[in-house]
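Engineer: Contents of structure_17.pdb (PDB, C-alpha atoms):
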MODEL        1
ATOM      1  CA  MET A 780     -45.260-206.444 -23.675
ATOM      2  CA  ASN A 781     -47.332-207.875 -20.794
ATOM      3  CA  ALA A 782     -50.071-209.069 -23.158
ATOM      4  CA  ARG A 783     -47.487-210.849 -25.336
ATOM      5  CA  MET A 784     -45.918-212.572 -22.321
ATOM      6  CA  ASN A 785     -49.352-213.584 -21.023
ATOM      7  CA  ARG A 786     -50.131-215.200 -24.392
ATOM      8  CA  LYS A 787     -46.822-217.111 -24.239
ATOM      9  CA  VAL A 788     -47.560-218.412 -20.744
ATOM     10  CA  ARG A 789     -51.058-219.493 -21.724
ATOM     11  CA  LYS A 790     -49.611-221.366 -24.705
ATOM     12  CA  GLY A 791     -47.256-223.253 -22.378
ATOM     13  CA  ARG A 792     -44.064-221.240 -22.833
ATOM     14  CA  GLY A 793     -43.336-219.567 -19.527
ATOM     15  CA  THR A 794     -39.786-218.242 -19.511
ATOM     16  CA  PHE A 795     -38.299-214.786 -20.013
ATOM     17  CA  MET A 796     -34.624-213.853 -19.737
ATOM     18  CA  GLY A 797     -33.874-217.219 -18.135
ATOM     19  CA  MET A 798     -36.604-216.922 -15.492
ATOM     20  CA  ASP A 799     -39.803-218.910 -15.062
ATOM     21  CA  VAL A 800     -42.885-216.718 -15.479
ATOM     22  CA  LEU A 801     -46.466-217.043 -14.253
ATOM     23  CA  ILE A 802     -49.484-214.816 -14.712
ATOM     24  CA  LEU A 803     -50.582-213.153 -11.496
ATOM     25  CA  ASN A 804     -54.289-212.296 -11.522
ATOM     26  CA  THR A 805     -55.277-209.584  -9.074
ATOM     27  CA  VAL A 806     -57.993-206.976  -8.604
ATOM     28  CA  GLY A 807     -57.113-203.279  -8.829
ATOM     29  CA  SER A 808     -56.793-201.784  -5.349
ATOM     30  CA  ARG A 809     -58.689-198.641  -6.363
ATOM     31  CA  SER A 810     -60.545-199.600  -9.541
ATOM     32  CA  GLY A 811     -61.733-203.065  -8.520
ATOM     33  CA  GLN A 812     -60.996-204.164 -12.101
ATOM     34  CA  PRO A 813     -59.243-207.475 -12.924
ATOM     35  CA  ARG A 814     -55.517-207.216 -13.642
ATOM     36  CA  GLU A 815     -53.149-209.746 -15.262
ATOM     37  CA  THR A 816     -49.418-209.384 -14.776
ATOM     38  CA  PRO A 817     -46.607-211.690 -15.888
ATOM     39  CA  VAL A 818     -44.227-212.151 -12.956
ATOM     40  CA  ALA A 819     -41.007-214.140 -12.541
ATOM     41  CA  TRP A 820     -41.324-216.856  -9.926
ATOM     42  CA  PHE A 821     -39.016-219.094  -7.940
ATOM     43  CA  PRO A 822     -39.772-222.483  -6.363
ATOM     44  CA  ASP A 823     -40.365-222.714  -2.647
ATOM     45  CA  GLU A 824     -41.291-225.517  -0.265
ATOM     46  CA  GLY A 825     -43.942-227.877  -1.583
ATOM     47  CA  ASP A 826     -45.751-226.331  -4.514
ATOM     48  CA  ALA A 827     -45.451-222.751  -3.202
ATOM     49  CA  ARG A 828     -43.942-220.056  -5.389
ATOM     50  CA  LEU A 829     -41.926-216.970  -4.472
ATOM     51  CA  ILE A 830     -42.319-213.681  -6.316
ATOM     52  CA  VAL A 831     -40.372-210.445  -5.873
ATOM     53  CA  ALA A 832     -41.961-206.998  -6.047
ATOM     54  CA  SER A 833     -39.027-205.332  -7.766
ATOM     55  CA  GLY A 834     -40.673-203.105 -10.340
ATOM     56  CA  GLY A 835     -37.285-201.667 -11.275
ATOM     57  CA  GLY A 836     -37.757-198.516  -9.213
ATOM     58  CA  ASN A 837     -38.053-197.039  -5.773
ATOM     59  CA  ARG A 838     -41.728-197.860  -5.281
ATOM     60  CA  ASN A 839     -43.593-201.129  -5.224
ATOM     61  CA  PRO A 840     -45.180-202.184  -8.516
ATOM     62  CA  ASP A 841     -48.949-201.779  -8.824
ATOM     63  CA  TRP A 842     -49.484-205.543  -8.866
ATOM     64  CA  PHE A 843     -48.046-205.770  -5.334
ATOM     65  CA  ASP A 844     -50.430-203.120  -3.990
ATOM     66  CA  ASN A 845     -53.328-204.876  -5.746
ATOM     67  CA  LEU A 846     -52.305-208.264  -4.337
ATOM     68  CA  MET A 847     -52.050-206.952  -0.783
ATOM     69  CA  ALA A 848     -55.344-205.010  -1.049
ATOM     70  CA  HIS A 849     -57.323-208.055  -2.224
ATOM     71  CA  PRO A 850     -55.357-211.178  -1.220
ATOM     72  CA  ASP A 851     -58.496-213.318  -1.229
ATOM     73  CA  ARG A 852     -59.031-212.703  -4.949
ATOM     74  CA  ALA A 853     -55.546-213.658  -6.191
ATOM     75  CA  THR A 854     -54.947-216.473  -8.672
ATOM     76  CA  ILE A 855     -51.977-217.599 -10.726
ATOM     77  CA  GLU A 856     -51.660-219.254 -14.116
ATOM     78  CA  LEU A 857     -48.665-221.454 -14.801
ATOM     79  CA  PRO A 858     -47.629-222.227 -18.377
ATOM     80  CA  GLY A 859     -50.443-223.992 -20.188
ATOM     81  CA  GLU A 860     -52.610-224.290 -17.058
ATOM     82  CA  GLY A 861     -55.780-222.593 -15.851
ATOM     83  CA  ALA A 862     -56.070-220.168 -12.964
ATOM     84  CA  VAL A 863     -55.427-221.521  -9.458
ATOM     85  CA  PRO A 864     -56.467-219.573  -6.324
ATOM     86  CA  VAL A 865     -53.497-218.637  -4.118
ATOM     87  CA  THR A 866     -52.896-217.018  -0.764
ATOM     88  CA  PRO A 867     -50.095-214.436  -0.677
ATOM     89  CA  HIS A 868     -47.865-214.079   2.379
ATOM     90  CA  ARG A 869     -45.309-211.274   2.526
ATOM     91  CA  LEU A 870     -42.104-212.638   4.042
ATOM     92  CA  ASP A 871     -40.246-210.761   6.769
ATOM     93  CA  GLY A 872     -37.136-211.213   8.887
ATOM     94  CA  ASP A 873     -35.225-214.484   8.675
ATOM     95  CA  GLU A 874     -37.914-216.030   6.503
ATOM     96  CA  ARG A 875     -37.460-213.293   3.894
ATOM     97  CA  GLU A 876     -33.672-213.430   4.158
ATOM     98  CA  GLY A 877     -33.559-217.185   3.499
ATOM     99  CA  ALA A 878     -35.904-216.871   0.540
ATOM    100  CA  TRP A 879     -33.970-213.867  -0.787
ATOM    101  CA  GLN A 880     -30.696-215.806  -0.704
ATOM    102  CA  ARG A 881     -32.219-218.622  -2.776
ATOM    103  CA  ILE A 882     -33.669-216.110  -5.257
ATOM    104  CA  ALA A 883     -30.398-214.176  -5.563
ATOM    105  CA  GLU A 884     -28.445-217.384  -6.179
ATOM    106  CA  ALA A 885     -30.908-218.501  -8.837
ATOM    107  CA  GLN A 886     -31.064-215.084 -10.520
ATOM    108  CA  PRO A 887     -28.151-212.725  -9.661
ATOM    109  CA  ARG A 888     -29.728-210.064 -11.896
ATOM    110  CA  ILE A 889     -32.434-209.476  -9.264
ATOM    111  CA  ALA A 890     -29.833-209.036  -6.520
ATOM    112  CA  LYS A 891     -28.080-206.462  -8.717
ATOM    113  CA  TYR A 892     -31.338-204.516  -9.164
ATOM    114  CA  GLN A 893     -31.936-204.649  -5.399
ATOM    115  CA  SER A 894     -28.483-203.220  -4.693
ATOM    116  CA  LYS A 895     -29.382-200.135  -6.759
ATOM    117  CA  SER A 896     -32.714-199.501  -5.017
ATOM    118  CA  GLU A 897     -33.378-197.451  -1.886
ATOM    119  CA  ARG A 898     -36.142-199.828  -0.773
ATOM    120  CA  GLN A 899     -36.065-203.494   0.169
ATOM    121  CA  TYR A 900     -37.965-205.496  -2.416
ATOM    122  CA  PRO A 901     -40.883-207.371  -0.876
ATOM    123  CA  VAL A 902     -40.787-211.152  -1.292
ATOM    124  CA  VAL A 903     -44.162-212.879  -1.403
ATOM    125  CA  ARG A 904     -44.885-216.584  -0.999
ATOM    126  CA  LEU A 905     -47.890-217.788  -2.982
ATOM    127  CA  THR A 906     -49.497-220.981  -1.713
ATOM    128  CA  ARG A 907     -52.424-222.809  -3.232
ATOM    129  CA  ARG A 908     -55.618-221.737  -1.499
ATOM    130  CA  THR A 909     -57.860-224.508  -0.288
ATOM    131  CA  SER A 910     -61.611-224.101  -0.073
ATOM    132  CA  GLY A 911     -61.366-223.436   3.683
ATOM    133  CA  GLN A 912     -59.000-220.450   3.366
TER     134      GLN A 912
ENDMDL
END
As structure tokens, please, write out the structure in this file.
Structural biologist:
Amino acid sequence: MNARMNRKVRKGRGTFMGMDVLILNTVGSRSGQPRETPVAWFPDEGDARLIVASGGGNRNPDWFDNLMAHPDRATIELPGEGAVPVTPHRLDGDEREGAWQRIAEAQPRIAKYQSKSERQYPVVRLTRRTSGQ
């Protein structure tokens, strides 16, 4: 399923179930191997993107652990575009709450999943990394 979605994004078609999708490129936290994961994203200030580590369960998805273990090696691919280096920032407190409200309004399905989970889904802001970061 992930490979099929990645092919769609690379061909310029980046939506799934009404959500925009990007490819998140990370490095395995234990293996050190490259990983590619299609992830729903939501617009944020400027050209930043928000992603939610839902994973549909009571533990964070592997991509989140990989992203946090090697933040300096993260890139994203938007539909039909090449990889762009990004810096992830996990949101907390009021910053997370404001972002979560925008995400939940845009995609109530995610808020429904959150209500059934024992953990608070992490929200991560991805900003384009400049050469000095």
Engineer: Report, in Å to a single decimal, how far apart atom CA of Thr816 of chain A and atom CA of Leu803 of chain A are.
Structural biologist: 5.1 Å
Engineer: Hey, what's within 10 Å of Pro858 of chain A if we count all atoms listed in the file and toss same-chain stuff fewer than 3 positions away? As a ChimeraX atom specification, please?
Structural biologist: /A:785-794,799-802,855,861
Engineer: For this file, the PyMOL selection byres ((chain A and resi 823) around 10) selects which residues, as JSON, numbers by chain?
Structural biologist: {"A": [820, 821, 822, 824, 825, 826, 827, 828, 829, 830, 878, 881, 882, 904, 905, 906]}
Engineer: For the structure shown, which residues end up in the PyMOL selection byres ((chain A and resi 894-903) around 8)? Put them as a ChimeraX atom specification, please?
Structural biologist: /A:829-833,836-839,867-870,875,878-879,890-893,904-905
Engineer: Enumerate, as a PyMOL selection string, the residues matched when the PyMOL selection byres ((chain A and resi 853) around 9) is run on the file above.
Structural biologist: chain A and resi 803-806+846+849-852+854-855+863-867
Engineer: What box, with edges along x, y and z, holds each listed atom of segment 780-791 of chain A when 6 Å is added on every side, and can you state its centre and edge lengths in Å to one decimal, as AutoDock Vina command-line options?
Structural biologist:
--center_x -48.2 --center_y -214.8 --center_z -23.0 --size_x 17.8 --size_y 28.8 --size_z 16.6
Engineer: What does the structure give for the distance between atom CA of Trp842 of chain A and atom CA of Pro813 of chain A, in Å to one decimal?
Structural biologist: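 Distance between the two atoms: 10.7 Å.
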Engineer: Choose the residue, out of A:Gly872, A:Gly807, A:Pro887, A:Gly859, that has the smallest atom-to-atom separation from Asp844 of chain A; count only C-alpha atoms.
Structural biologist: A:Gly807
Engineer: Kindly indicate which residue among A:Asp841, A:Gly877, A:Ala862, A:Leu857 lies nearest to Ala819 of chain A, using only C-alpha atoms for the distances.
Structural biologist: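 Closest residue, counting only C-alpha atoms: A:Leu857.
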Engineer: Using only C-alpha atoms, which of the listed residues (A:Ser810, A:Met780, A:Pro817, A:Arg908) sits closest to Glu856 of chain A?
Structural biologist: A:Pro817
Engineer: So how many Å separate atom CA of Ser808 of chain A and atom CA of Ala848 of chain A, to one decimal?
Structural biologist: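 The value is 5.6 Å.
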